[in-house]
Every structure is written in structure tokens, then in C-alpha cells.
$ cat my_file.cif   # mmCIF, C-alpha atoms
data_my_file
#
loop_
_atom_site.label_atom_id
_atom_site.label_comp_id
_atom_site.auth_asym_id
_atom_site.auth_seq_id
_atom_site.Cartn_x
_atom_site.Cartn_y
_atom_site.Cartn_z
CA TYR L 1 121.18 50.33 165.80
CA TYR L 2 122.75 52.50 168.54
CA SER L 3 119.61 54.60 169.03
CA GLU L 4 117.85 51.53 170.48
CA ARG L 5 120.73 50.15 172.56
CA LEU L 6 122.74 51.36 175.52
CA ILE L 7 124.93 50.07 178.33
CA LEU L 8 124.18 51.64 181.72
CA ALA L 9 126.61 51.87 184.62
CA PRO L 10 126.37 53.65 187.98
CA LEU L 11 129.81 55.32 187.95
CA ASN L 12 131.56 57.63 185.49
CA ALA L 13 134.75 55.55 185.81
CA ASP L 14 132.88 52.46 184.61
CA VAL L 15 131.34 54.38 181.70
CA VAL L 16 134.75 55.68 180.63
CA SER L 17 136.30 52.20 180.64
CA ILE L 18 133.36 50.65 178.72
CA ASN L 19 133.42 53.43 176.11
CA GLU L 20 137.20 53.08 175.72
CA TYR L 21 136.92 49.31 175.26
CA CYS L 22 134.07 49.56 172.73
CA ALA L 23 135.76 52.34 170.75
CA ASN L 24 138.97 50.30 170.53
CA MET L 25 137.00 47.29 169.25
CA TYR L 26 135.19 49.43 166.65
CA PRO L 27 136.82 49.25 163.20
CA GLY L 28 138.54 52.25 161.65
CA GLU L 29 141.17 54.79 162.55
CA HIS L 30 140.96 57.15 165.51
CA TYR L 31 140.70 60.87 164.90
CA ILE L 32 142.29 62.57 167.90
CA SER L 33 141.10 66.04 168.88
CA LYS L 34 143.17 67.81 171.53
CA SER L 35 142.12 70.89 173.46
CA VAL L 36 144.49 72.85 175.73
CA ASP L 37 148.02 71.49 175.43
CA GLU L 38 149.83 73.96 177.64
CA MET L 39 149.27 76.82 180.03
CA GLY L 40 151.45 79.84 179.47
CA LEU L 41 153.05 81.97 182.15
CA ASP L 42 150.43 84.67 181.50
CA ASP L 43 147.76 82.25 182.77
CA LEU L 44 149.45 81.66 186.13
CA PRO L 45 149.05 83.66 189.34
CA HIS L 46 151.62 86.45 189.70
CA ASN L 47 153.44 84.71 192.53
CA SER L 48 154.21 81.60 190.42
CA ASP L 49 157.22 81.14 188.18
CA GLN L 50 156.50 77.62 186.86
CA ALA L 51 154.23 76.63 183.95
CA VAL L 52 151.91 73.67 184.46
CA PRO L 53 153.22 70.61 182.56
CA GLU L 54 151.09 69.30 179.68
CA GLU L 55 150.66 65.85 181.27
CA VAL L 56 149.14 67.47 184.38
CA LEU L 57 146.69 69.56 182.34
CA ASN L 58 145.63 66.54 180.28
CA SER L 59 145.04 64.43 183.40
CA PHE L 60 142.08 66.55 184.55
CA SER L 61 138.65 65.04 183.95
CA LEU L 62 135.84 67.36 184.95
CA PRO L 63 132.15 66.40 185.00
CA GLY L 64 130.30 67.90 182.04
CA PHE L 65 133.52 68.62 180.13
CA PRO L 66 134.90 66.52 177.30
CA ASP L 67 138.31 64.91 177.69
CA CYS L 68 141.37 66.98 176.75
CA GLU L 69 142.05 64.33 174.15
CA LEU L 70 138.96 63.01 172.37
CA LYS L 71 139.46 59.81 170.37
CA LEU L 72 136.73 59.61 167.76
CA LYS L 73 135.93 57.25 164.89
CA VAL L 74 133.33 57.68 162.17
CA GLY L 75 130.29 55.59 163.14
CA LEU L 76 130.66 55.96 166.92
CA PRO L 77 127.69 56.96 169.08
CA LEU L 78 128.23 60.26 170.91
CA ILE L 79 126.39 62.30 173.51
CA LEU L 80 126.24 66.08 173.48
CA LEU L 81 127.55 67.66 176.69
CA ARG L 82 126.29 71.23 176.14
CA ASN L 83 123.17 73.01 174.93
CA LEU L 84 124.09 74.27 171.46
CA ASN L 85 120.80 75.02 169.69
CA LEU L 86 117.55 74.26 171.48
CA ASN L 87 115.48 74.98 168.35
CA ARG L 88 117.33 72.18 166.52
CA ARG L 89 117.09 69.95 169.63
CA LEU L 90 120.85 70.08 170.20
CA SER L 91 120.79 70.02 173.97
CA ASN L 92 122.77 68.37 176.75
CA GLY L 93 122.07 64.64 176.57
CA THR L 94 121.22 64.42 172.86
CA ARG L 95 122.64 61.23 171.40
CA LEU L 96 124.38 61.51 168.04
CA LEU L 97 125.98 59.22 165.46
CA LEU L 98 129.30 60.48 164.12
CA LYS L 99 129.20 60.66 160.30
CA GLY L 100 132.29 62.76 159.54
CA VAL L 101 135.18 64.56 161.22
CA SER L 102 137.20 67.66 160.37
CA ASN L 103 139.48 69.84 162.50
CA HIS L 104 136.73 72.27 163.53
CA VAL L 105 133.40 70.49 162.92
CA LEU L 106 131.80 67.09 163.49
CA ARG L 107 129.08 65.98 161.08
CA CYS L 108 126.53 63.97 163.07
CA LYS L 109 123.09 62.42 162.77
CA ILE L 110 120.65 62.92 165.67
CA MET L 111 119.59 59.57 167.23
CA THR L 112 117.17 60.73 169.94
CA GLY L 113 114.35 63.21 170.44
CA SER L 114 111.98 64.81 167.97
CA CYS L 115 114.66 65.52 165.33
CA VAL L 116 115.77 61.89 164.81
CA GLY L 117 117.60 61.49 161.52
CA ASP L 118 118.53 65.16 161.07
CA GLU L 119 122.16 65.78 160.13
CA VAL L 120 123.84 68.52 162.14
CA LEU L 121 127.26 70.11 162.46
CA ILE L 122 128.85 70.25 165.92
CA PRO L 123 131.61 72.91 166.14
CA LYS L 124 134.49 73.09 168.56
CA ILE L 125 133.48 75.56 171.25
CA GLU L 126 135.36 77.43 173.94
CA LEU L 127 134.86 75.43 177.12
CA PHE L 128 137.28 77.29 179.35
CA HIS L 129 139.96 79.95 178.97
CA GLN L 130 141.75 79.27 175.66
CA GLY L 131 140.38 75.71 175.59
CA TYR L 132 138.46 74.67 172.50
CA GLN L 133 137.05 71.18 172.16
CA PHE L 134 134.07 69.36 170.67
CA PRO L 135 131.35 69.26 173.39
CA VAL L 136 130.78 65.51 173.01
CA ALA L 137 131.71 62.20 174.62
CA ARG L 138 131.56 58.65 173.32
CA ALA L 139 128.26 57.00 174.24
CA PHE L 140 128.28 53.23 173.98
CA ALA L 141 127.65 53.46 177.73
CA LEU L 142 126.17 56.18 179.92
CA THR L 143 125.64 56.62 183.61
CA ILE L 144 122.21 55.68 184.83
CA ASN L 145 121.55 59.34 185.71
CA LYS L 146 122.58 60.64 182.27
CA ALA L 147 120.32 58.12 180.53
CA GLN L 148 117.16 59.11 182.41
CA GLY L 149 114.23 59.94 180.16
CA GLN L 150 115.42 57.92 177.17
CA SER L 151 113.33 55.14 175.63
CA LEU L 152 115.42 52.13 174.66
CA ASP L 153 114.63 48.66 173.30
CA HIS L 154 117.81 46.93 174.56
CA VAL L 155 119.63 47.87 177.76
CA SER L 156 122.57 46.21 179.47
CA VAL L 157 123.39 47.16 183.04
CA TYR L 158 127.00 46.90 184.15
CA LEU L 159 127.33 46.40 187.93
CA PRO L 160 130.92 45.32 188.71
CA ARG L 161 130.50 45.98 192.44
CA PRO L 162 127.57 46.28 194.86
CA VAL L 163 125.62 49.44 194.12
CA PHE L 164 123.63 49.80 197.31
CA GLY L 165 126.08 48.21 199.76
CA HIS L 166 128.43 50.21 201.98
CA ARG L 167 132.07 49.25 202.19
#

$ encode --input "my_file.cif" --output "C-alpha cells"
Amino acid sequence: YYSERLILAPLNADVVSINEYCANMYPGEHYISKSVDEMGLDDLPHNSDQAVPEEVLNSFSLPGFPDCELKLKVGLPLILLRNLNLNRRLSNGTRLLLKGVSNHVLRCKIMTGSCVGDEVLIPKIELFHQGYQFPVARAFALTINKAQGQSLDHVSVYLPRPVFGHR
């Protein structure tokens, strides 16, 4: 079902809100995977004497990086954010269906590309210094740029504000 359908939006902020809404509407319990929860004094510059609070660290959202706190449910569509195994077609942009969750591995089914239907394991990987997280994001919606090159039967386009107008 999800391999043929997608919501497209021009901005990452719109994609995040759509994915959050859809995931909350999806039945089942959330599995929450957290990455870095705190930064120790060893990680700070030598001239600093204060640790960075957890809420500050968790507020960062960097392009190409998963959220510090991933909320996943079995059955959700995901998109891979890193090249993991090009021979198995596990590359940036591969869409997956979440089949199972454990603390260190996601069991997924590939929804796009030449390996459609293959079941794969997605491990937590080191994304930055002492930060391990699953390299995935929820994918009910994607940005128009991220969805380029995909063939879809049903597409919805979310345009809450003028795309080509200047404000």
C-alpha cells in the first residue's frame, strides 16, 4: 500500500508535521529510540565549565540526520537516510516498511528499487561522536526533492502556503 502512495511537501517542516500526525493516527504503541542524551565535560572545549543540557541537545534537527528521539511503530513507512549496503540496495532514499523493532536492529521490508520485498536488518549506527541512532525517518510524507526519481501511483501534494511567491 505505502509503496504506491506518498504525500509530497516543499519544506522539511511540513514533512515533519505530516509524518507526526500520520504516525499518531496509526494504531499501535510507539517504540522510542533515543540517541545522545547528554554531553559530558570531556566533550566540551577546554575553556568551558558547563555541560550542555539534554533538552538543548535534543532540540537540534540536522538535515540528513535522524531525530534524537525516533518514535516508531511496526507497520510505518520509513526512508533510509544513509548508504548502508549498496549491493543490497540499502542506499539513501530507499523506502522501507517497518516489520519489527529491537533495541539495536530494525527489521524492515524494502518497498522501492530492484530489491522490493526483501527483508533487511537496519542497525543503529554511529552518526556523530558517541551518538548512535537508526539511520531512518518516518516516510508518510517526503520533500519534493527527496522523492525525485520514484514512481508512484497515488501522490498528494501539500502546499499550505505559496511555493513560488515571495513574501

$ closest_atom_pairs --input "my_file.cif" --of "stretch 129-160 of chain L" --to "stretch 97-101 of chain L" --cutoff "12 Å" --atoms "all atoms listed in the file" --output "tab-separated table"
residue	atom	partner	partner_atom	distance
L:Phe134	CA	L:Val101	CA	10.7
L:Val136	CA	L:Leu98	CA	10.3
L:Ala137	CA	L:Leu98	CA	10.9
L:Arg138	CA	L:Leu98	CA	9.6
L:Ala139	CA	L:Leu97	CA	9.3
L:Phe140	CA	L:Leu97	CA	10.7

$ resolve_selection --input "my_file.cif" --expression "the PyMOL selection byres ((chain L and resi 154-164) around 8)" --output "MDAnalysis selection string"
chainID L and resid 4:10 152:153 165:166

$ residues_near_point --input "my_file.cif" --point "(128.7, 55.5, 184.1)" --cutoff "9 Å" --atoms "only C-alpha atoms" --output "list in words"
Ile7, Leu8, Ala9, Pro10, Leu11, Asn12, Ala13, Asp14, Val15, Val16, Ser17, Ile18, Ala141, Leu142, Thr143, Ile144, Asn145, Lys146 and Tyr158 of chain L

$ atom_distance --input "my_file.cif" --atom1 "atom CA of L:Leu106" --atom2 "atom CA of L:Glu119"
10.3 Å

$ atom_distance --input "my_file.cif" --atom1 "atom CA of L:Val74" --atom2 "atom CA of L:Gly113"
21.4 Å

$ closest_residue --input "my_file.cif" --among "L:Gly93, L:Pro135, L:Gly75, L:Gly149" --to "L:Tyr1" --atoms "all atoms listed in the file"
L:Gly75

$ closest_residue --input "my_file.cif" --among "L:Asn103, L:Asn85, L:Ser114, L:Thr94" --to "L:Gln133" --atoms "only C-alpha atoms"
L:Asn103

$ residues_around --input "my_file.cif" --residues "L:Val116" --least-positions-apart "4" --cutoff "10 Å" --atoms "all atoms listed in the file" --output "list in words"
Ser3, Arg89, Arg95, Leu96, Lys109, Ile110, Met111 and Thr112 of chain L

$ resolve_selection --input "my_file.cif" --expression "the PyMOL selection byres ((chain L and resi 31) around 10)" --output "mmCIF file with C-alpha atoms, keeping the file's coordinate frame"
data_model
loop_
_atom_site.group_PDB
_atom_site.id
_atom_site.type_symbol
_atom_site.label_atom_id
_atom_site.label_comp_id
_atom_site.auth_asym_id
_atom_site.auth_seq_id
_atom_site.Cartn_x
_atom_site.Cartn_y
_atom_site.Cartn_z
ATOM 1 C CA GLY L 28 138.540 52.250 161.650
ATOM 2 C CA GLU L 29 141.170 54.790 162.550
ATOM 3 C CA HIS L 30 140.960 57.150 165.510
ATOM 4 C CA ILE L 32 142.290 62.570 167.900
ATOM 5 C CA SER L 33 141.100 66.040 168.880
ATOM 6 C CA LYS L 34 143.170 67.810 171.530
ATOM 7 C CA GLU L 69 142.050 64.330 174.150
ATOM 8 C CA LEU L 70 138.960 63.010 172.370
ATOM 9 C CA LYS L 71 139.460 59.810 170.370
ATOM 10 C CA LEU L 72 136.730 59.610 167.760
ATOM 11 C CA LYS L 73 135.930 57.250 164.890
ATOM 12 C CA VAL L 74 133.330 57.680 162.170
ATOM 13 C CA VAL L 101 135.180 64.560 161.220
ATOM 14 C CA SER L 102 137.200 67.660 160.370
ATOM 15 C CA ASN L 103 139.480 69.840 162.500
#

$ closest_residue --input "my_file.cif" --among "L:Leu121, L:Cys115, L:Leu76, L:Leu86" --to "L:Glu20" --atoms "only C-alpha atoms"
L:Leu76

$ atom_distance --input "my_file.cif" --atom1 "atom CA of L:Asn24" --atom2 "atom CA of L:Arg107"
20.8 Å
